[in-house]
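Here is target.txt, consisting of compact mmCIF, C-alpha atoms:
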```txt
# COMPACT_ATOMS: atom_id res chain seq x y z
CA MET A 1 0.00 0.00 0.00
CA ASP A 2 1.04 3.63 -0.46
CA TYR A 3 1.84 4.56 3.12
CA ARG A 4 3.08 7.97 4.21
CA PRO A 5 3.42 9.05 7.85
CA PRO A 6 1.94 12.33 9.02
CA THR A 7 4.03 15.41 9.55
CA PRO A 8 4.67 16.21 13.22
CA ARG A 9 2.34 19.18 12.88
CA GLN A 10 -0.49 17.04 11.50
CA ALA A 11 -0.01 14.50 14.28
CA VAL A 12 -0.15 17.18 16.98
CA GLU A 13 -3.28 18.71 15.48
CA TYR A 14 -5.09 15.37 15.60
CA ILE A 15 -4.04 14.75 19.20
CA ASP A 16 -5.13 18.26 20.19
CA GLY A 17 -8.54 17.79 18.57
CA LYS A 18 -8.01 20.46 15.91
CA ARG A 19 -8.96 17.93 13.24
CA ASP A 20 -11.90 15.52 13.07
CA PHE A 21 -10.93 12.23 14.69
CA ARG A 22 -13.19 10.10 12.49
CA PRO A 23 -10.98 10.12 9.37
CA LEU A 24 -7.99 9.49 11.65
CA PHE A 25 -9.60 6.39 13.17
CA LYS A 26 -10.67 5.15 9.76
CA HIS A 27 -7.14 5.54 8.42
CA ALA A 28 -5.56 3.90 11.48
CA GLY A 29 -7.90 0.93 11.19
CA HIS A 30 -7.17 0.62 7.49
CA LEU A 31 -3.42 0.67 8.13
CA ARG A 32 -3.81 -2.05 10.80
CA ASP A 33 -5.95 -4.20 8.51
CA GLU A 34 -3.49 -3.84 5.63
CA GLY A 35 -0.42 -4.57 7.69
CA ARG A 36 -1.59 -6.92 10.45
CA GLY A 37 -4.97 -8.21 9.35
CA ARG A 38 -7.95 -8.76 11.63
CA THR A 39 -6.22 -10.97 14.20
CA ILE A 40 -5.71 -9.40 17.64
CA THR A 41 -3.11 -11.16 19.73
CA PHE A 42 -2.32 -11.44 23.42
CA SER A 43 0.38 -13.19 25.43
CA PRO A 44 -0.78 -15.57 28.21
CA LYS A 45 1.77 -14.80 30.91
CA VAL A 46 2.80 -14.91 34.50
CA PHE A 47 4.13 -11.71 36.01
CA ILE A 48 7.31 -12.32 38.00
CA PRO A 49 8.33 -9.22 40.01
CA LEU A 50 11.96 -10.22 40.40
CA THR A 51 12.74 -7.26 42.63
CA THR A 52 10.68 -4.31 43.76
CA LEU A 53 13.80 -2.43 44.81
CA CYS A 54 14.81 0.40 42.48
CA ARG A 55 17.19 3.33 42.50
CA ASP A 56 14.66 5.65 40.81
CA VAL A 57 11.81 7.55 42.49
CA CYS A 58 9.20 8.09 39.76
CA THR A 59 6.31 10.07 41.19
CA TYR A 60 3.60 7.81 39.72
CA CYS A 61 5.01 4.39 40.65
CA THR A 62 3.82 1.95 43.31
CA PHE A 63 5.87 -0.99 42.01
CA ALA A 64 9.19 0.22 43.46
CA LYS A 65 9.52 0.06 47.24
CA PRO A 66 12.37 0.72 49.66
CA PRO A 67 13.93 -1.90 51.94
CA GLY A 68 11.68 -2.39 54.95
CA GLY A 69 8.74 -1.06 52.98
CA GLY A 70 8.18 -4.08 50.78
CA GLY A 71 11.24 -3.76 48.59
CA GLN A 72 12.87 -7.16 48.11
CA TYR A 73 14.09 -9.77 45.65
CA LEU A 74 12.34 -13.01 44.85
CA ARG A 75 14.51 -15.99 45.69
CA PRO A 76 15.12 -18.72 43.10
CA GLU A 77 12.56 -21.03 44.71
CA ASP A 78 9.95 -18.25 44.53
CA VAL A 79 10.68 -17.63 40.86
CA VAL A 80 10.41 -21.32 40.04
CA ALA A 81 7.15 -21.67 41.97
CA ILE A 82 5.50 -18.84 40.04
CA ALA A 83 6.86 -20.09 36.71
CA GLU A 84 5.74 -23.67 37.33
CA ALA A 85 2.26 -22.49 38.29
CA GLY A 86 2.10 -20.46 35.10
CA ASP A 87 3.29 -23.42 33.07
CA ALA A 88 0.58 -25.60 34.58
CA ALA A 89 -2.03 -22.93 33.76
CA GLY A 90 -1.02 -22.90 30.10
CA CYS A 91 0.89 -19.63 30.09
CA ARG A 92 3.72 -19.12 27.64
CA GLU A 93 5.45 -15.96 28.87
CA ALA A 94 7.43 -15.38 32.04
CA LEU A 95 7.51 -11.59 32.33
CA LEU A 96 10.47 -10.61 34.50
CA THR A 97 9.90 -7.06 35.72
CA LEU A 98 12.09 -5.27 38.22
CA GLY A 99 13.48 -1.96 39.38
CA ASP A 100 16.48 -0.36 37.73
CA ARG A 101 19.89 -1.30 39.17
CA PRO A 102 18.88 -1.18 42.85
CA GLU A 103 22.35 -2.30 43.93
CA GLU A 104 23.63 1.16 43.04
CA ARG A 105 21.42 2.69 45.74
CA TRP A 106 20.61 0.07 48.37
CA SER A 107 23.09 -1.91 50.47
CA GLN A 108 20.37 -4.50 51.02
CA ALA A 109 20.34 -5.16 47.28
CA ARG A 110 24.11 -5.62 47.24
CA ASP A 111 23.90 -7.99 50.20
CA PHE A 112 21.27 -10.15 48.48
CA LEU A 113 23.22 -10.29 45.24
CA ASN A 114 26.42 -11.22 47.10
CA GLU A 115 24.53 -14.00 48.86
CA GLN A 116 23.39 -15.30 45.47
CA GLY A 117 26.88 -15.08 44.01
CA HIS A 118 26.22 -12.11 41.74
CA ARG A 119 27.57 -8.60 41.35
CA THR A 120 24.64 -7.02 39.52
CA THR A 121 20.90 -7.44 39.27
CA ILE A 122 21.25 -8.08 35.54
CA ASP A 123 23.40 -11.11 36.37
CA TYR A 124 20.62 -12.37 38.63
CA VAL A 125 18.06 -11.82 35.86
CA GLN A 126 20.20 -14.00 33.61
CA GLU A 127 20.41 -16.82 36.17
CA MET A 128 16.65 -16.71 36.80
CA SER A 129 15.88 -16.67 33.08
CA GLU A 130 18.05 -19.73 32.57
CA LEU A 131 16.36 -21.43 35.52
CA ILE A 132 12.90 -20.80 34.05
CA VAL A 133 13.96 -22.24 30.69
CA ASP A 134 15.47 -25.27 32.40
CA ARG A 135 12.53 -26.00 34.70
CA THR A 136 9.45 -25.02 32.67
CA GLY A 137 8.04 -24.60 29.19
CA LEU A 138 7.78 -20.82 29.61
CA PHE A 139 9.68 -18.27 27.55
CA PRO A 140 11.28 -15.46 29.59
CA HIS A 141 10.81 -11.85 28.52
CA ALA A 142 13.05 -9.63 30.65
CA ASN A 143 12.35 -5.98 31.46
CA PRO A 144 15.33 -4.99 33.60
CA GLY A 145 15.62 -1.35 32.50
CA ASN A 146 18.64 0.14 30.78
CA MET A 147 21.05 -2.46 29.44
CA THR A 148 24.36 -2.47 27.62
CA ALA A 149 24.79 -4.52 24.47
CA ARG A 150 26.98 -6.91 26.43
CA GLU A 151 24.30 -7.43 29.08
CA MET A 152 21.77 -8.16 26.36
CA GLU A 153 24.12 -10.69 24.82
CA GLY A 154 24.18 -12.48 28.18
CA LEU A 155 20.37 -12.55 28.37
CA ARG A 156 19.70 -13.45 24.73
CA PRO A 157 20.28 -17.24 25.06
CA SER A 158 17.45 -17.47 27.61
CA ASN A 159 15.13 -14.64 26.52
CA VAL A 160 13.27 -14.80 23.23
CA SER A 161 12.56 -11.08 23.56
CA MET A 162 13.22 -8.19 25.91
CA GLY A 163 11.66 -4.84 26.59
CA MET A 164 11.86 -1.42 28.18
CA MET A 165 9.43 1.46 27.91
CA LEU A 166 10.87 4.65 26.49
CA GLU A 167 7.97 6.45 28.23
CA ASN A 168 8.89 9.76 26.62
CA ILE A 169 11.78 11.26 24.68
CA SER A 170 11.66 14.63 26.44
CA PRO A 171 14.37 15.42 29.03
CA ARG A 172 11.98 18.07 30.40
CA LEU A 173 10.28 15.32 32.40
CA MET A 174 13.49 14.97 34.44
CA GLU A 175 13.41 18.56 35.67
CA PRO A 176 12.49 19.46 39.30
CA GLY A 177 8.79 19.00 39.92
CA MET A 178 8.42 16.59 37.00
CA PRO A 179 7.77 12.81 37.28
CA HIS A 180 11.29 11.67 36.40
CA TYR A 181 13.21 14.09 38.60
CA ASN A 182 15.99 12.30 40.48
CA CYS A 183 15.50 9.22 38.31
CA PRO A 184 18.83 8.62 36.54
CA ASP A 185 17.55 5.62 34.59
CA LYS A 186 14.74 7.64 33.00
CA ASP A 187 17.19 9.78 31.03
CA PRO A 188 15.73 9.44 27.51
CA ALA A 189 19.19 9.42 25.94
CA LEU A 190 20.12 6.35 28.00
CA ARG A 191 16.84 4.66 27.20
CA MET A 192 17.20 5.30 23.49
CA GLN A 193 20.70 3.84 23.68
CA THR A 194 19.29 0.67 25.25
CA ILE A 195 16.74 0.42 22.44
CA GLU A 196 19.57 0.92 19.94
CA ASN A 197 21.63 -1.76 21.69
CA ALA A 198 18.81 -4.24 21.20
CA GLY A 199 19.00 -3.67 17.48
CA VAL A 200 22.75 -4.20 17.45
CA VAL A 201 22.43 -7.49 19.34
CA ARG A 202 19.38 -8.61 17.29
CA VAL A 203 16.91 -8.81 20.16
CA PRO A 204 13.19 -8.58 19.36
CA PHE A 205 12.32 -5.60 21.50
CA THR A 206 9.20 -4.14 23.07
CA THR A 207 9.05 -0.45 23.93
CA GLY A 208 6.43 2.26 24.17
CA LEU A 209 5.06 5.42 25.70
CA LEU A 210 3.46 6.24 29.04
CA VAL A 211 0.91 8.92 28.26
CA GLY A 212 -0.47 11.41 30.75
CA ILE A 213 2.48 12.05 33.08
CA GLY A 214 2.98 15.72 32.21
CA GLU A 215 4.18 15.58 28.64
CA ASN A 216 2.67 17.71 25.88
CA SER A 217 1.38 16.62 22.49
CA ARG A 218 4.56 17.51 20.62
CA GLU A 219 6.60 15.42 23.07
CA ILE A 220 4.29 12.46 22.43
CA VAL A 221 4.76 12.86 18.69
CA ASP A 222 8.53 13.30 18.99
CA SER A 223 8.71 10.11 21.07
CA LEU A 224 6.81 8.14 18.42
CA PHE A 225 9.05 9.42 15.65
CA ALA A 226 12.13 8.49 17.72
CA ILE A 227 10.87 4.91 17.99
CA ARG A 228 10.05 4.90 14.29
CA GLU A 229 13.59 5.99 13.38
CA VAL A 230 15.42 3.45 15.53
CA HIS A 231 13.19 0.72 14.11
CA ARG A 232 14.01 1.86 10.58
CA ARG A 233 17.68 1.40 11.35
CA TRP A 234 17.47 -2.08 12.83
CA GLY A 235 14.01 -3.55 12.22
CA HIS A 236 13.91 -4.95 15.75
CA ILE A 237 10.96 -3.20 17.43
CA GLN A 238 8.54 -6.09 17.68
CA GLU A 239 5.89 -4.16 19.58
CA VAL A 240 5.05 -0.63 20.68
CA ILE A 241 2.89 -0.18 23.78
CA ILE A 242 0.83 2.96 24.21
CA GLN A 243 -0.07 2.97 27.89
CA ASN A 244 -2.36 5.41 29.64
CA PHE A 245 -1.30 6.78 33.03
CA ARG A 246 -3.40 5.69 35.98
CA ALA A 247 -3.21 7.69 39.21
CA LYS A 248 -2.36 5.61 42.26
CA ALA A 249 -2.83 6.20 45.96
CA ASP A 250 0.31 6.78 48.01
CA THR A 251 2.13 8.47 45.12
CA ARG A 252 2.85 12.14 44.55
CA MET A 253 0.74 12.01 41.36
CA ARG A 254 -2.29 10.48 43.10
CA ARG A 255 -4.43 13.55 42.29
CA SER A 256 -3.18 13.98 38.74
CA ALA A 257 -5.73 13.76 35.95
CA GLU A 258 -5.84 10.55 33.96
CA PRO A 259 -6.11 10.59 30.15
CA ILE A 260 -9.72 10.49 28.95
CA PRO A 261 -10.18 7.36 26.80
CA GLN A 262 -11.63 9.27 23.85
CA TRP A 263 -8.60 11.57 23.79
CA PHE A 264 -6.14 8.77 24.48
CA ALA A 265 -7.56 6.79 21.58
CA ARG A 266 -6.53 9.67 19.30
CA VAL A 267 -2.97 9.23 20.57
CA VAL A 268 -3.21 5.52 19.75
CA ALA A 269 -4.49 6.21 16.23
CA VAL A 270 -1.73 8.76 15.64
CA ALA A 271 0.79 6.17 16.84
CA ARG A 272 -0.50 3.71 14.23
CA TRP A 273 -0.20 6.38 11.54
CA ILE A 274 3.36 7.34 12.53
CA LEU A 275 4.63 3.80 13.08
CA GLY A 276 2.98 2.36 10.00
CA PRO A 277 0.97 -0.70 9.04
CA GLN A 278 3.51 -3.39 9.93
CA VAL A 279 4.35 -2.46 13.53
CA ASN A 280 2.56 -4.37 16.28
CA LEU A 281 0.67 -1.84 18.38
CA GLN A 282 -0.61 -2.62 21.87
CA VAL A 283 -2.80 -1.00 24.50
CA PRO A 284 -3.27 -2.84 27.83
CA PRO A 285 -6.95 -3.81 28.21
CA ASN A 286 -6.99 -3.63 32.01
CA LEU A 287 -6.44 0.13 32.21
CA THR A 288 -9.65 1.23 30.43
CA GLU A 289 -13.17 0.03 31.15
CA ARG A 290 -14.38 0.11 27.53
CA TYR A 291 -11.13 -0.95 25.92
CA GLU A 292 -12.78 -1.83 22.58
CA ILE A 293 -12.24 1.78 21.49
CA TYR A 294 -8.59 0.95 20.87
CA LEU A 295 -9.56 -1.63 18.25
CA GLU A 296 -11.15 1.24 16.35
CA ALA A 297 -7.92 3.23 16.80
CA GLY A 298 -5.76 0.64 15.04
CA ILE A 299 -4.20 -1.67 17.63
CA ASN A 300 -3.53 -5.34 16.91
CA ASP A 301 -2.47 -6.62 20.34
CA TRP A 302 -3.67 -6.61 23.96
CA GLY A 303 -0.27 -7.45 25.46
CA GLY A 304 0.38 -9.84 28.28
CA VAL A 305 -2.76 -11.03 30.08
CA SER A 306 -2.43 -13.38 33.01
CA PRO A 307 -4.94 -15.97 34.22
CA LEU A 308 -2.85 -16.33 37.39
CA THR A 309 -0.92 -13.25 38.56
CA ILE A 310 -1.84 -9.60 39.07
CA ASP A 311 -0.47 -6.68 37.11
CA TRP A 312 2.25 -5.70 39.55
CA VAL A 313 2.74 -2.32 37.89
CA ASN A 314 -0.99 -1.52 38.03
CA PRO A 315 -2.23 -3.72 40.88
CA GLU A 316 -5.50 -1.81 41.14
CA ALA A 317 -6.46 -2.86 37.60
CA PRO A 318 -7.38 -6.56 37.23
CA TRP A 319 -6.89 -8.34 33.94
CA PRO A 320 -10.05 -9.05 31.96
CA HIS A 321 -11.06 -12.69 32.00
CA LEU A 322 -9.88 -14.37 28.81
CA GLU A 323 -13.41 -15.36 27.82
CA GLU A 324 -14.50 -11.75 28.20
CA LEU A 325 -11.51 -10.53 26.20
CA LYS A 326 -12.36 -12.99 23.45
CA ALA A 327 -16.04 -12.02 23.36
CA ARG A 328 -15.38 -8.29 23.29
CA THR A 329 -12.67 -8.65 20.64
CA GLU A 330 -14.83 -10.85 18.43
CA ALA A 331 -17.76 -8.46 18.81
CA GLY A 332 -15.65 -5.94 16.92
CA GLY A 333 -15.15 -8.35 14.04
CA PHE A 334 -11.72 -9.64 15.03
CA GLU A 335 -10.14 -12.98 15.89
CA LEU A 336 -8.31 -13.30 19.22
CA ALA A 337 -5.16 -15.44 19.18
CA PRO A 338 -2.54 -16.23 21.84
CA ARG A 339 1.12 -15.62 21.02
CA LEU A 340 4.51 -16.13 22.59
CA PRO A 341 6.40 -13.15 24.02
CA VAL A 342 8.12 -13.07 20.62
CA TYR A 343 5.92 -12.17 17.66
CA PRO A 344 5.58 -14.47 14.64
CA ASP A 345 7.48 -12.00 12.44
CA PHE A 346 10.60 -12.52 14.55
CA ILE A 347 10.61 -16.31 14.76
CA SER A 348 13.75 -17.00 12.76
CA ASN A 349 17.41 -17.80 13.26
CA ARG A 350 18.23 -14.14 12.77
CA TRP A 351 16.32 -13.07 15.87
CA ILE A 352 16.15 -16.11 18.15
CA ASP A 353 19.14 -17.72 19.84
CA PRO A 354 20.03 -21.18 18.41
CA GLY A 355 19.40 -22.74 21.81
CA LEU A 356 15.79 -21.51 21.84
CA ILE A 357 14.64 -21.65 18.23
CA ASP A 358 13.53 -25.30 18.29
CA ARG A 359 11.53 -24.70 21.50
CA VAL A 360 9.86 -21.73 19.86
CA HIS A 361 8.90 -23.73 16.77
CA ALA A 362 7.52 -26.54 18.94
CA ALA A 363 5.37 -24.06 20.87
CA THR A 364 3.86 -22.32 17.83
CA ASP A 365 1.41 -23.24 15.10
CA ASP A 366 1.81 -22.75 11.36
CA ARG A 367 0.98 -19.03 11.71
CA GLY A 368 3.54 -18.48 14.45
CA TYR A 369 0.94 -18.10 17.21
CA ALA A 370 1.08 -20.02 20.48
CA ARG A 371 -0.30 -23.54 20.45
CA ARG A 372 -3.22 -23.85 22.84
CA VAL A 373 -2.00 -26.14 25.55
CA SER A 374 -4.53 -25.95 28.38
CA LYS A 375 -8.08 -25.17 29.35
CA GLU A 376 -7.08 -22.28 31.61
CA ALA A 377 -5.15 -20.20 29.07
CA SER A 378 -7.16 -21.13 26.00
CA VAL A 379 -9.62 -18.86 24.27
```
Spell out the structure here as C-alpha cells.
Amino acid sequence: MDYRPPTPRQAVEYIDGKRDFRPLFKHAGHLRDEGRGRTITFSPKVFIPLTTLCRDVCTYCTFAKPPGGGGQYLRPEDVVAIAEAGDAAGCREALLTLGDRPEERWSQARDFLNEQGHRTTIDYVQEMSELIVDRTGLFPHANPGNMTAREMEGLRPSNVSMGMMLENISPRLMEPGMPHYNCPDKDPALRMQTIENAGVVRVPFTTGLLVGIGENSREIVDSLFAIREVHRRWGHIQEVIIQNFRAKADTRMRRSAEPIPQWFARVVAVARWILGPQVNLQVPPNLTERYEIYLEAGINDWGGVSPLTIDWVNPEAPWPHLEELKARTEAGGFELAPRLPVYPDFISNRWIDPGLIDRVHAATDDRGYARRVSKEASV
C-alpha cells in the first residue's frame, strides 16, 4: 500500500482535537488491517516481580519500594514456583519485571546479590531466566531497565525477547517537579541507547510510551518518531505499547488527571499512523473500562494477560477474564489469538538464539501463534 506518515504538525493537530478524529480512526484501522490483518493477539503470561527495589523515584510508581517497605528480591525457589504455576495454567510468557539497578542505591540489594553469588541485578536476571527455561516450558521476557549490548548478549540465550518502555523522549520530564526528577535511569538518551543496543544485538524488543504524566502533544509525537527511526535502522521493534497513566494512591501524582479514553484513543491512532501498518501496536486492556475503542484506533495486540498473577505495575487494575476478552474482541469483528512473548514476524534464526529456536517452533502453530496447551489459558 502507499503509506506515508503524518508530519509532526499534522499529528499534533489530531491529538489536540483540531482535526476531526473520524478520518484518523478510519485511516488507522485501514493501516492495521493492511499490515496486520484482523487478528488481535495477546500473550498468556505470568508476572514475576523479580525485585521491587529500584534506584529511581518516579512520582507515579507503586511498584518500586524501599527496603523495609516491601522492597525485596524473589529468591530462586519463589521464581520457580510462580513459573511452574504459570506453566501448569497454560501460560507461555514469564515476564520478568524489576526496578532499575537497585544495587547502586541500596546496600540490602548488594547484600542479596552477594549472597546469590552475583555482582549485579542483571546477572541475577540472567540466572533466573536460565532457571525458568530449564525448569518449565515458559519463555522469559526480561524488562530490567537500561542495558548495555553486552548485558543483552548475556540474556539473549534465555530470553526470546526483551523490553523497556521509552515512556517519553523529552528530558523536560526529568526537571524538578516533573515525574522523572531524580530518576537517573529515565534519562531518555540512555533509554534510546538501550533500544539501539537491542538492534545491534538482534533482540526482538518491546518499547512504548506512558501517556499522561505531564508531557505535551509535541513530546508524544517526537517520542513516536524516535521509535520509528530506531526501528528503521534495525528492524527490531517487535511491539510498541501505548499505555495510559493511571493515578495511584500513596504516590505524589495520586491527584493527577488521567487521560480520557476518547482523547487517548486519538494518541493511539496517531501512533499507528506514525509507526505504519507493519508495527505491532498494543494497548493494555486492564487500564480502560471500555477498551474496545482501541480496536477502532488501530491496535492489533492486547499485550500480556495473566490468568494467574496480578499486574504488579498496576495492581489496582485486574486483567479481563480471557473469555471476556475474546467475546469483546470478536464483537468488533476480530479474531483473538494467543502468542509467545516473541511475535511471529521474529521467529527466525536471525532473531532467536540457536538454543531456543527449536523450542519456539515446537510451541507455535503454522501461523507463528502459540499452540493452545490448556483449558485455563485457551480462548
Atomic distance atom CA of A:Arg172 - atom CA of A:Asn244, expressed in Å with one decimal: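 Those two atoms sit 19.1 Å apart.
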Pick out the closest residue to A:Pro307 from this set: A:Tyr124, A:Trp319, A:Tyr14, A:Tyr73. Count only C-alpha atoms.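 That would be A:Trp319, the residue with the smallest distance to A:Pro307.
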Separation of atom CA of A:Glu239 from atom CA of A:Phe205 in Å: 6.9 Å
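Among A:Leu50, A:Thr59, A:Pro204, A:Ile195, the residue with the shortest atom-to-atom distance to A:Gln126, counting all atoms listed in the file, is A:Leu50.
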Using all atoms listed in the file, pick whichever of A:Pro338, A:Pro44, A:Gly163, A:Pro23 has the shortest atom-to-atom distance to A:Met147.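 Selected residue with least distance to A:Met147: A:Gly163.
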Residue nearest A:Pro284 - candidates A:Arg246, A:Arg150, A:Arg92, A:Arg254, atoms counted: all atoms listed in the file: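 Of the candidates, the smallest distance to A:Pro284 is held by A:Arg246.
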Record the distance separating atom CA of A:Asp365 and atom CA of A:Gly37, expressed in Å with one decimal.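 Between atom CA of A:Asp365 and atom CA of A:Gly37 the gap works out to 17.3 Å.
Counting only C-alpha atoms, the residue from A:Pro179, A:Gly29, A:Pro344, A:Gly368 that sits nearest to A:Tyr60 is A:Pro179.
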When you count only C-alpha atoms, which of these residues is closest to A:Thr136: A:Gly86, A:Gly212, A:Pro157, A:Gly70?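 The closest residue to A:Thr136 is A:Gly86.
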Counting all atoms listed in the file, what is within 8 Å of stretch 128-134 of chain A, bar same-chain residues fewer than 6 positions away, as number ranges by chain? A: 76, 79-80, 83, 94, 140, 142, 155, 158-159
Determine, counting all atoms listed in the file, which protein, DNA and RNA residues have an atom within 12 Å of an atom of A:Tyr3; residues of the same chain fewer than 6 positions away are not included. Present the result as a PyMOL selection string. chain A and resi 27-28+30-32+34-35+272-278
Identify the residues within 12 Å of coordinate (-5.4, -7.2, 40.6) (same frame as the file), considering all atoms listed in the file, and give the answer as a ChimeraX atom specification. /A:47,286-287,305-321
For the selection you just gave me, I'd like the residues written to a file as a short mmCIF file (atom, residue, chain, number, x, y, z; two decimals), in the coordinates of the input, keeping C-alpha atoms.
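File result.cif, as written:
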```cif
data_model
loop_
_atom_site.label_atom_id
_atom_site.label_comp_id
_atom_site.auth_asym_id
_atom_site.auth_seq_id
_atom_site.Cartn_x
_atom_site.Cartn_y
_atom_site.Cartn_z
CA PHE A 47 4.13 -11.71 36.01
CA ASN A 286 -6.99 -3.63 32.01
CA LEU A 287 -6.44 0.13 32.21
CA VAL A 305 -2.76 -11.03 30.08
CA SER A 306 -2.43 -13.38 33.01
CA PRO A 307 -4.94 -15.97 34.22
CA LEU A 308 -2.85 -16.33 37.39
CA THR A 309 -0.92 -13.25 38.56
CA ILE A 310 -1.84 -9.60 39.07
CA ASP A 311 -0.47 -6.68 37.11
CA TRP A 312 2.25 -5.70 39.55
CA VAL A 313 2.74 -2.32 37.89
CA ASN A 314 -0.99 -1.52 38.03
CA PRO A 315 -2.23 -3.72 40.88
CA GLU A 316 -5.50 -1.81 41.14
CA ALA A 317 -6.46 -2.86 37.60
CA PRO A 318 -7.38 -6.56 37.23
CA TRP A 319 -6.89 -8.34 33.94
CA PRO A 320 -10.05 -9.05 31.96
CA HIS A 321 -11.06 -12.69 32.00
#
```
Regenerate stretch 165-182 of chain A at the level of N, CA and C atoms and dump it as an mmCIF file, in the frame of the given file.
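Now in out-v8.cif:
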```
data_model
loop_
_atom_site.group_PDB
_atom_site.id
_atom_site.type_symbol
_atom_site.label_atom_id
_atom_site.label_comp_id
_atom_site.auth_asym_id
_atom_site.auth_seq_id
_atom_site.Cartn_x
_atom_site.Cartn_y
_atom_site.Cartn_z
ATOM 1 N N MET A 165 10.207 0.313 28.376
ATOM 2 C CA MET A 165 9.430 1.460 27.910
ATOM 3 C C MET A 165 10.322 2.689 27.768
ATOM 4 N N LEU A 166 10.230 3.340 26.617
ATOM 5 C CA LEU A 166 10.870 4.650 26.490
ATOM 6 C C LEU A 166 10.163 5.634 27.409
ATOM 7 N N GLU A 167 8.881 5.557 27.493
ATOM 8 C CA GLU A 167 7.970 6.450 28.230
ATOM 9 C C GLU A 167 7.839 7.789 27.533
ATOM 10 N N ASN A 168 8.938 8.531 27.396
ATOM 11 C CA ASN A 168 8.890 9.760 26.620
ATOM 12 C C ASN A 168 10.310 10.202 26.295
ATOM 13 N N ILE A 169 10.463 10.843 25.157
ATOM 14 C CA ILE A 169 11.780 11.260 24.680
ATOM 15 C C ILE A 169 12.241 12.574 25.300
ATOM 16 N N SER A 170 11.347 13.278 25.974
ATOM 17 C CA SER A 170 11.660 14.630 26.440
ATOM 18 C C SER A 170 12.448 14.639 27.747
ATOM 19 N N PRO A 171 13.636 15.275 27.766
ATOM 20 C CA PRO A 171 14.370 15.420 29.030
ATOM 21 C C PRO A 171 13.692 16.382 30.002
ATOM 22 N N ARG A 172 12.702 17.137 29.528
ATOM 23 C CA ARG A 172 11.980 18.070 30.400
ATOM 24 C C ARG A 172 11.324 17.336 31.562
ATOM 25 N N LEU A 173 10.959 16.073 31.346
ATOM 26 C CA LEU A 173 10.280 15.320 32.400
ATOM 27 C C LEU A 173 11.216 14.922 33.533
ATOM 28 N N MET A 174 12.518 15.227 33.376
ATOM 29 C CA MET A 174 13.490 14.970 34.440
ATOM 30 C C MET A 174 13.786 16.207 35.273
ATOM 31 N N GLU A 175 13.153 17.321 34.940
ATOM 32 C CA GLU A 175 13.410 18.560 35.670
ATOM 33 C C GLU A 175 12.719 18.556 37.036
ATOM 34 N N PRO A 176 13.157 19.399 37.983
ATOM 35 C CA PRO A 176 12.490 19.460 39.300
ATOM 36 C C PRO A 176 10.994 19.684 39.162
ATOM 37 N N GLY A 177 10.238 18.922 39.947
ATOM 38 C CA GLY A 177 8.790 19.000 39.920
ATOM 39 C C GLY A 177 8.143 18.110 38.885
ATOM 40 N N MET A 178 8.954 17.464 38.039
ATOM 41 C CA MET A 178 8.420 16.590 37.000
ATOM 42 C C MET A 178 8.558 15.127 37.431
ATOM 43 N N PRO A 179 7.868 14.193 36.772
ATOM 44 C CA PRO A 179 7.770 12.810 37.280
ATOM 45 C C PRO A 179 9.064 12.028 37.293
ATOM 46 N N HIS A 180 10.041 12.422 36.457
ATOM 47 C CA HIS A 180 11.290 11.670 36.400
ATOM 48 C C HIS A 180 12.456 12.396 37.066
ATOM 49 N N TYR A 181 12.144 13.404 37.869
ATOM 50 C CA TYR A 181 13.210 14.090 38.600
ATOM 51 C C TYR A 181 13.887 13.136 39.580
ATOM 52 N N ASN A 182 15.198 13.169 39.615
ATOM 53 C CA ASN A 182 15.990 12.300 40.480
ATOM 54 C C ASN A 182 15.831 10.820 40.113
#
```
